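Each remark here refers to the structure printed beneath this line.
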Amino acid sequence: MQSDMGIVGLGVMGSNLARNIERNGFSVAVYNYEPEMRESFLAKFGDGHAFQGAETIPALVERTERPRRILMMIKAGAPVDSVIEQLEPHLDEGDIVIDGGNSHYPDTDRRIERLAKRGVHFVGMGVSGGEEGALHGPSLMPGGDPRMYERLRPVLEKIAAQVDSGPCVTYCGKGSAGHFVKMVHNGIEYGDMQLIAEAYDLLRHAFGLTPDRIRSIFEEWNRGELQSFLIEITARIVAFPDDQGAEGILLDRILDAAGQKGTGKWTTITALELGVPIPTITAAVDGRVLSSMKPLRAKLSGLYEGPDSAFRGDVDQAIADVRAALYASKICSYAQGFDLLQQASAEFAYGVRLDELARIWKGGCIIRAAFLVRIHHAYREDGKLANLLLDKDFREDLASRAAAWRRVVERGVALGVPTPGMAASLAYFDTLRRDQGPANLIQAQRDLFGAHTYQRTDREGTFHTHWD
């Protein structure tokens, strides 16, 4: 018996995607490097279901119907190349290998080129939604040859999250577009999480609110313009009792050192290489690195005194200001991510449709949020929109929140509670809204010390001054 699809990798994401695919009417052959994981999976889910195990990679290839569709759900990097090396001798022309991990997009381009020499197609596909999304409906971001997407579409549209505008999957573009899009999705996710953490920090440590009060605030925010998966889970977390025996809330016992797997860092590096400013996302990456410097922070906390951190003012107004600042900062963070996607699509000839990305991120993925409906509308109305800050609706949102946004950043500075993400978003906004900035001084300095020349505002041409 041959299966409709093959899957390599039965970790949390791989096993849940396999179950999702099978539940939607497709038979699946499964392989895992550690045989006990394969046996455990088949023991749990095999009876009465259209799964068959494969003891080796050649056996998996043999048990998958031609032209084959084989999905890898394994750790990015060397493991992907290792599996490709094992698969390659057994594949036939026209087969498709799909990488559903968080691979770096240059690796995807290299693998496409490698397998193309054998007539085998390679598809890099971002998968977002975590454990539950993989099982019940993720957001899927495949790239590569558009003809291969058509062959994968019957499966992908069935297993993706379903929203009012259709399944949360779309063809992202040529080459490594799928993995590039997922990388930027994760960069936006970094920005979202940093901004929410700053809002929590202000509520808890600047305004001195109780965990129960903060939970109520996030629950209220999740019923309005900030409604999103990340706000929803934050409301569940902030007052959750310690389930391991200690008194108080669990959050107070979790070490404040955030981990990262590299996609946020890749987003920042790529943005620098392409010359696209993404200060909020970069501040989020820096925030995680700074959080990991726990021993140094512990030492410095005993050497330096901060300002008087007692808040004196109208707490209700301060909470409303944080809500406004969080939303405005979020708009700028998404504007940066979509700008990077737009510039990269032009640079790498991906052919990305920004309206479609906003649409498929409305459900299934980690950054799913109500205001993605408005981003979808903005890019659908104007496919060449240069920046979200130019959209009429978002212009009104930012203008109505600017004063509160400034008060929040000022308060954070005055109270010694850092808000690097909100401050970076505000600086991005202020820089873009000013027609005249101080870069003329920088150009003059460059010309004086290095004869780099400059342009004038009142005439055409390039000029150099002997500043002595």
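Naming works like this for the structure tokens: A, B, ... for the chains as they're shown, residue 1 at the start of each chain, ligands 1 onward in shown order.
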For region 50-79 of chain A against region 10-23 of chain A, with a cut-off of 8 Å and counting only C-alpha atoms, what is the closest atom pair and its distance in Å to one decimal for every residue that makes the cut, ordered by chain and number, as JSON lines?
{"residue": "A:Ala50", "atom": "CA", "partner": "A:Glu22", "partner_atom": "CA", "distance": 6.4}
{"residue": "A:Phe51", "atom": "CA", "partner": "A:Glu22", "partner_atom": "CA", "distance": 7.5}
{"residue": "A:Met72", "atom": "CA", "partner": "A:Gly14", "partner_atom": "CA", "distance": 7.9}
{"residue": "A:Met73", "atom": "CA", "partner": "A:Gly14", "partner_atom": "CA", "distance": 5.2}
{"residue": "A:Ile74", "atom": "CA", "partner": "A:Gly14", "partner_atom": "CA", "distance": 7.7}
Exercise for the section: For Thr64 (chain A), work out the shell of residues within 9 Å, counting only C-alpha atoms and skipping chain neighbours fewer than 6 positions away, then give it as a PyMOL selection string. Expected result: chain A and resi 1-6+28-29+70
Practice task
Extract, using only C-alpha atoms, all DNA, RNA and protein residues at most 9 Å from Leu42 (chain A), discarding same-chain residues fewer than 6 positions from it, and format them as a list in words.
Solution key: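 So, after excluding close chain neighbours, the residues are Val30, Phe51, Gln52 and Gly53 of chain A.
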Take the residues from that selection and put them in a file with all heavy atoms, as an mmCIF file, in the first residue's frame.
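Dumped everything to selection-v6.cif:
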data_model
loop_
_atom_site.group_PDB
_atom_site.id
_atom_site.type_symbol
_atom_site.label_atom_id
_atom_site.label_comp_id
_atom_site.auth_asym_id
_atom_site.auth_seq_id
_atom_site.Cartn_x
_atom_site.Cartn_y
_atom_site.Cartn_z
ATOM 1 N N VAL A 30 5.036 7.356 7.693
ATOM 2 C CA VAL A 30 5.792 8.133 8.678
ATOM 3 C C VAL A 30 7.135 7.461 8.975
ATOM 4 O O VAL A 30 7.248 6.235 9.055
ATOM 5 C CB VAL A 30 5.001 8.312 9.991
ATOM 6 C CG1 VAL A 30 3.747 9.142 9.746
ATOM 7 C CG2 VAL A 30 4.632 6.979 10.622
ATOM 8 N N PHE A 51 -2.338 5.406 8.627
ATOM 9 C CA PHE A 51 -0.897 5.591 8.800
ATOM 10 C C PHE A 51 -0.183 4.279 8.500
ATOM 11 O O PHE A 51 -0.708 3.197 8.784
ATOM 12 C CB PHE A 51 -0.552 5.990 10.245
ATOM 13 C CG PHE A 51 -1.065 7.336 10.660
ATOM 14 C CD1 PHE A 51 -2.000 7.446 11.683
ATOM 15 C CD2 PHE A 51 -0.613 8.494 10.043
ATOM 16 C CE1 PHE A 51 -2.474 8.684 12.090
ATOM 17 C CE2 PHE A 51 -1.078 9.737 10.441
ATOM 18 C CZ PHE A 51 -2.006 9.830 11.457
ATOM 19 N N GLN A 52 1.016 4.373 7.963
ATOM 20 C CA GLN A 52 1.895 3.200 7.922
ATOM 21 C C GLN A 52 3.309 3.667 8.249
ATOM 22 O O GLN A 52 3.747 4.742 7.845
ATOM 23 C CB GLN A 52 1.848 2.505 6.566
ATOM 24 C CG GLN A 52 2.311 3.306 5.370
ATOM 25 C CD GLN A 52 2.426 2.452 4.126
ATOM 26 O OE1 GLN A 52 2.807 1.267 4.204
ATOM 27 N NE2 GLN A 52 2.112 3.008 2.972
ATOM 28 N N GLY A 53 3.986 2.850 9.025
ATOM 29 C CA GLY A 53 5.333 3.185 9.441
ATOM 30 C C GLY A 53 6.367 2.769 8.414
ATOM 31 O O GLY A 53 6.144 1.845 7.622
#
So that each row is one residue of region 277-351 of chain A with an atom at most 6 Å from region 420-432 of chain A, can you give its shortest atom pair and the distance in Å to one decimal, using only C-alpha atoms, rows by chain and rising number, as a Markdown table?
| residue | atom | partner | partner_atom | distance |
| --- | --- | --- | --- | --- |
| A:Pro279 | CA | A:Ala424 | CA | 5.6 |
| A:Thr280 | CA | A:Gly421 | CA | 5.0 |
| A:Ala283 | CA | A:Gly421 | CA | 5.6 |
| A:Ser329 | CA | A:Ser425 | CA | 5.1 |
| A:Cys332 | CA | A:Ser425 | CA | 5.6 |
Print the selection's residues with all heavy atoms to a file, as a compact mmCIF listing (two decimals), in the first residue's frame.
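Result file follows (selection.txt):
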# COMPACT_ATOMS: atom_id res chain seq x y z
N PRO A 279 13.43 49.00 13.55
CA PRO A 279 13.95 49.23 14.91
C PRO A 279 13.19 48.53 16.02
O PRO A 279 13.78 48.14 17.02
CB PRO A 279 13.88 50.75 15.05
CG PRO A 279 12.86 51.20 14.04
CD PRO A 279 13.01 50.24 12.90
N THR A 280 11.87 48.37 15.87
CA THR A 280 11.10 47.71 16.94
C THR A 280 11.47 46.24 17.03
O THR A 280 11.68 45.70 18.13
CB THR A 280 9.59 47.85 16.68
OG1 THR A 280 9.28 49.22 16.42
CG2 THR A 280 8.80 47.37 17.89
N ALA A 283 14.92 45.98 18.46
CA ALA A 283 14.88 46.21 19.92
C ALA A 283 14.41 44.97 20.65
O ALA A 283 14.88 44.66 21.76
CB ALA A 283 13.95 47.39 20.24
N SER A 329 2.44 51.28 18.86
CA SER A 329 3.74 50.63 18.66
C SER A 329 3.59 49.39 17.80
O SER A 329 4.46 49.09 16.96
CB SER A 329 4.34 50.26 20.02
OG SER A 329 4.57 51.40 20.81
N CYS A 332 3.44 50.24 14.11
CA CYS A 332 4.77 50.52 13.57
C CYS A 332 5.59 49.25 13.39
O CYS A 332 6.33 49.11 12.41
CB CYS A 332 5.50 51.51 14.47
SG CYS A 332 4.85 53.19 14.38
Exercise for the section: Enumerate the residues of region 29-230 of chain A with a DSSP assignment of alpha helix (DSSP H), computed from the backbone, and present them as a PyMOL selection string. Expected result: chain A and resi 35-45+57-62+78-87+105-116+130-136+146-159+177-201+211-221+229-230
Residue neighbourhood Asp252 (chain A), 10 Å, only C-alpha atoms, exclusion window fewer than 4 positions, as a CSV table (one decimal) with C-alpha atoms, in the first residue's frame:
chain,number,residue,atom,x,y,z
A,238,VAL,CA,-0.2,37.0,34.3
A,239,ALA,CA,-2.2,35.7,37.4
A,240,PHE,CA,-1.8,31.9,36.9
A,241,PRO,CA,-1.0,30.3,40.3
A,242,ASP,CA,2.2,28.4,40.8
A,247,GLU,CA,3.0,30.4,46.9
A,248,GLY,CA,1.9,33.2,44.6
A,256,ASP,CA,13.5,36.5,33.3
Practice task
Point out the residue among A:Gly313, A:Gly191, A:Gly130, A:Pro154 with the least atom-to-atom distance to Ile366 (chain A), counting only C-alpha atoms.
Solution key: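 Looking at the shortest contact to Ile366 (chain A), the residue is A:Gly130.
Within the 8 Å cut-off around Ala54 (chain A), using only C-alpha atoms and omitting residues fewer than 3 positions from it on the same chain, the listed residues are Ala29, Val30, Tyr31, Ile57, Ala59, Leu60 and Arg63 of chain A.
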I need the chosen residues saved as a JSON list (two decimals), in the first residue's frame, with C-alpha atoms.
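Output file result33.json follows:
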[["chain", "number", "residue", "atom", "x", "y", "z"],
["A", 29, "ALA", "CA", 3.68, 7.10, 5.68],
["A", 30, "VAL", "CA", 5.79, 8.13, 8.68],
["A", 31, "TYR", "CA", 9.49, 7.86, 9.52],
["A", 57, "ILE", "CA", 14.11, 6.50, 4.59],
["A", 59, "ALA", "CA", 11.20, 2.43, 2.84],
["A", 60, "LEU", "CA", 9.40, 5.74, 3.34],
["A", 63, "ARG", "CA", 5.68, 3.59, 0.49]]
Handout entry: Residues within 9 Å of Leu326 (chain A), only C-alpha atoms, excluding chain neighbours under 6 positions, as a ChimeraX atom specification
Key = /A:195-196,198-199,226,405,422
Just the selected residues (all heavy atoms), exported as a PDB file, in the first residue's frame, please.
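Just written: out-v5.pdb:
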ATOM      1  N   LEU A 195       6.654  44.160  23.022  1.00  0.00           N
ATOM      2  CA  LEU A 195       5.755  45.270  23.342  1.00  0.00           C
ATOM      3  C   LEU A 195       4.774  44.882  24.441  1.00  0.00           C
ATOM      4  O   LEU A 195       4.486  45.673  25.353  1.00  0.00           O
ATOM      5  CB  LEU A 195       5.004  45.708  22.082  1.00  0.00           C
ATOM      6  CG  LEU A 195       5.872  46.337  20.979  1.00  0.00           C
ATOM      7  CD1 LEU A 195       5.062  46.509  19.704  1.00  0.00           C
ATOM      8  CD2 LEU A 195       6.457  47.666  21.434  1.00  0.00           C
ATOM      9  N   ILE A 196       4.248  43.666  24.380  1.00  0.00           N
ATOM     10  CA  ILE A 196       3.320  43.203  25.417  1.00  0.00           C
ATOM     11  C   ILE A 196       4.042  43.082  26.760  1.00  0.00           C
ATOM     12  O   ILE A 196       3.498  43.450  27.814  1.00  0.00           O
ATOM     13  CB  ILE A 196       2.679  41.863  25.011  1.00  0.00           C
ATOM     14  CG1 ILE A 196       1.753  42.059  23.803  1.00  0.00           C
ATOM     15  CG2 ILE A 196       1.897  41.245  26.170  1.00  0.00           C
ATOM     16  CD1 ILE A 196       1.275  40.765  23.172  1.00  0.00           C
ATOM     17  N   GLU A 198       6.571  44.851  27.744  1.00  0.00           N
ATOM     18  CA  GLU A 198       6.780  46.206  28.261  1.00  0.00           C
ATOM     19  C   GLU A 198       5.498  46.753  28.886  1.00  0.00           C
ATOM     20  O   GLU A 198       5.550  47.414  29.934  1.00  0.00           O
ATOM     21  CB  GLU A 198       7.271  47.116  27.140  1.00  0.00           C
ATOM     22  CG  GLU A 198       8.684  46.793  26.669  1.00  0.00           C
ATOM     23  CD  GLU A 198       9.107  47.596  25.453  1.00  0.00           C
ATOM     24  OE1 GLU A 198       8.469  48.630  25.169  1.00  0.00           O
ATOM     25  OE2 GLU A 198      10.088  47.201  24.787  1.00  0.00           O
ATOM     26  N   ALA A 199       4.369  46.488  28.245  1.00  0.00           N
ATOM     27  CA  ALA A 199       3.089  46.926  28.814  1.00  0.00           C
ATOM     28  C   ALA A 199       2.872  46.277  30.177  1.00  0.00           C
ATOM     29  O   ALA A 199       2.473  46.943  31.149  1.00  0.00           O
ATOM     30  CB  ALA A 199       1.945  46.574  27.858  1.00  0.00           C
ATOM     31  N   LEU A 226      -6.945  45.494  20.249  1.00  0.00           N
ATOM     32  CA  LEU A 226      -5.735  44.711  20.513  1.00  0.00           C
ATOM     33  C   LEU A 226      -6.002  43.202  20.495  1.00  0.00           C
ATOM     34  O   LEU A 226      -5.081  42.420  20.771  1.00  0.00           O
ATOM     35  CB  LEU A 226      -5.138  45.100  21.872  1.00  0.00           C
ATOM     36  CG  LEU A 226      -4.413  46.443  21.938  1.00  0.00           C
ATOM     37  CD1 LEU A 226      -4.121  46.835  23.386  1.00  0.00           C
ATOM     38  CD2 LEU A 226      -3.119  46.407  21.141  1.00  0.00           C
ATOM     39  N   TRP A 405       0.945  57.850  23.701  1.00  0.00           N
ATOM     40  CA  TRP A 405       2.164  57.094  23.385  1.00  0.00           C
ATOM     41  C   TRP A 405       3.381  57.802  23.967  1.00  0.00           C
ATOM     42  O   TRP A 405       4.236  57.193  24.616  1.00  0.00           O
ATOM     43  CB  TRP A 405       2.241  57.022  21.874  1.00  0.00           C
ATOM     44  CG  TRP A 405       3.171  56.054  21.229  1.00  0.00           C
ATOM     45  CD1 TRP A 405       3.977  55.129  21.816  1.00  0.00           C
ATOM     46  CD2 TRP A 405       3.374  55.939  19.819  1.00  0.00           C
ATOM     47  NE1 TRP A 405       4.672  54.438  20.861  1.00  0.00           N
ATOM     48  CE2 TRP A 405       4.312  54.920  19.630  1.00  0.00           C
ATOM     49  CE3 TRP A 405       2.839  56.597  18.711  1.00  0.00           C
ATOM     50  CZ2 TRP A 405       4.750  54.543  18.356  1.00  0.00           C
ATOM     51  CZ3 TRP A 405       3.252  56.229  17.453  1.00  0.00           C
ATOM     52  CH2 TRP A 405       4.207  55.210  17.274  1.00  0.00           C
ATOM     53  N   MET A 422       8.575  50.168  22.583  1.00  0.00           N
ATOM     54  CA  MET A 422       7.677  51.307  22.384  1.00  0.00           C
ATOM     55  C   MET A 422       8.454  52.547  21.967  1.00  0.00           C
ATOM     56  O   MET A 422       8.001  53.313  21.100  1.00  0.00           O
ATOM     57  CB  MET A 422       6.888  51.577  23.665  1.00  0.00           C
ATOM     58  CG  MET A 422       5.880  50.497  24.017  1.00  0.00           C
ATOM     59  SD  MET A 422       4.939  50.936  25.493  1.00  0.00           S
ATOM     60  CE  MET A 422       3.913  49.464  25.697  1.00  0.00           C
TER      61      MET A 422
END
Practice task
Select from region 40-227 of chain A everything DSSP, run on the backbone, classes as strand (DSSP E), then give the selection as a list in words.
Solution key: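 The strand (DSSP E) subset of region 40-227 of chain A is Phe51, Gln52, Gly53, Arg69, Ile70, Leu71, Met72, Ile96, Val97, Ile98, Asp99, His121, Phe122, Val123, Gly124, Met125, Gly126, Val127, Ser128, Ser139, Leu140, Met141, Pro142, Gln162, Val163, Gly166 and Pro167 of chain A.
Taking only C-alpha atoms into account, Phe229 (chain A) lies nearest to A:Phe371 out of the set A:Phe41, A:Trp467, A:Phe371, A:Phe26.
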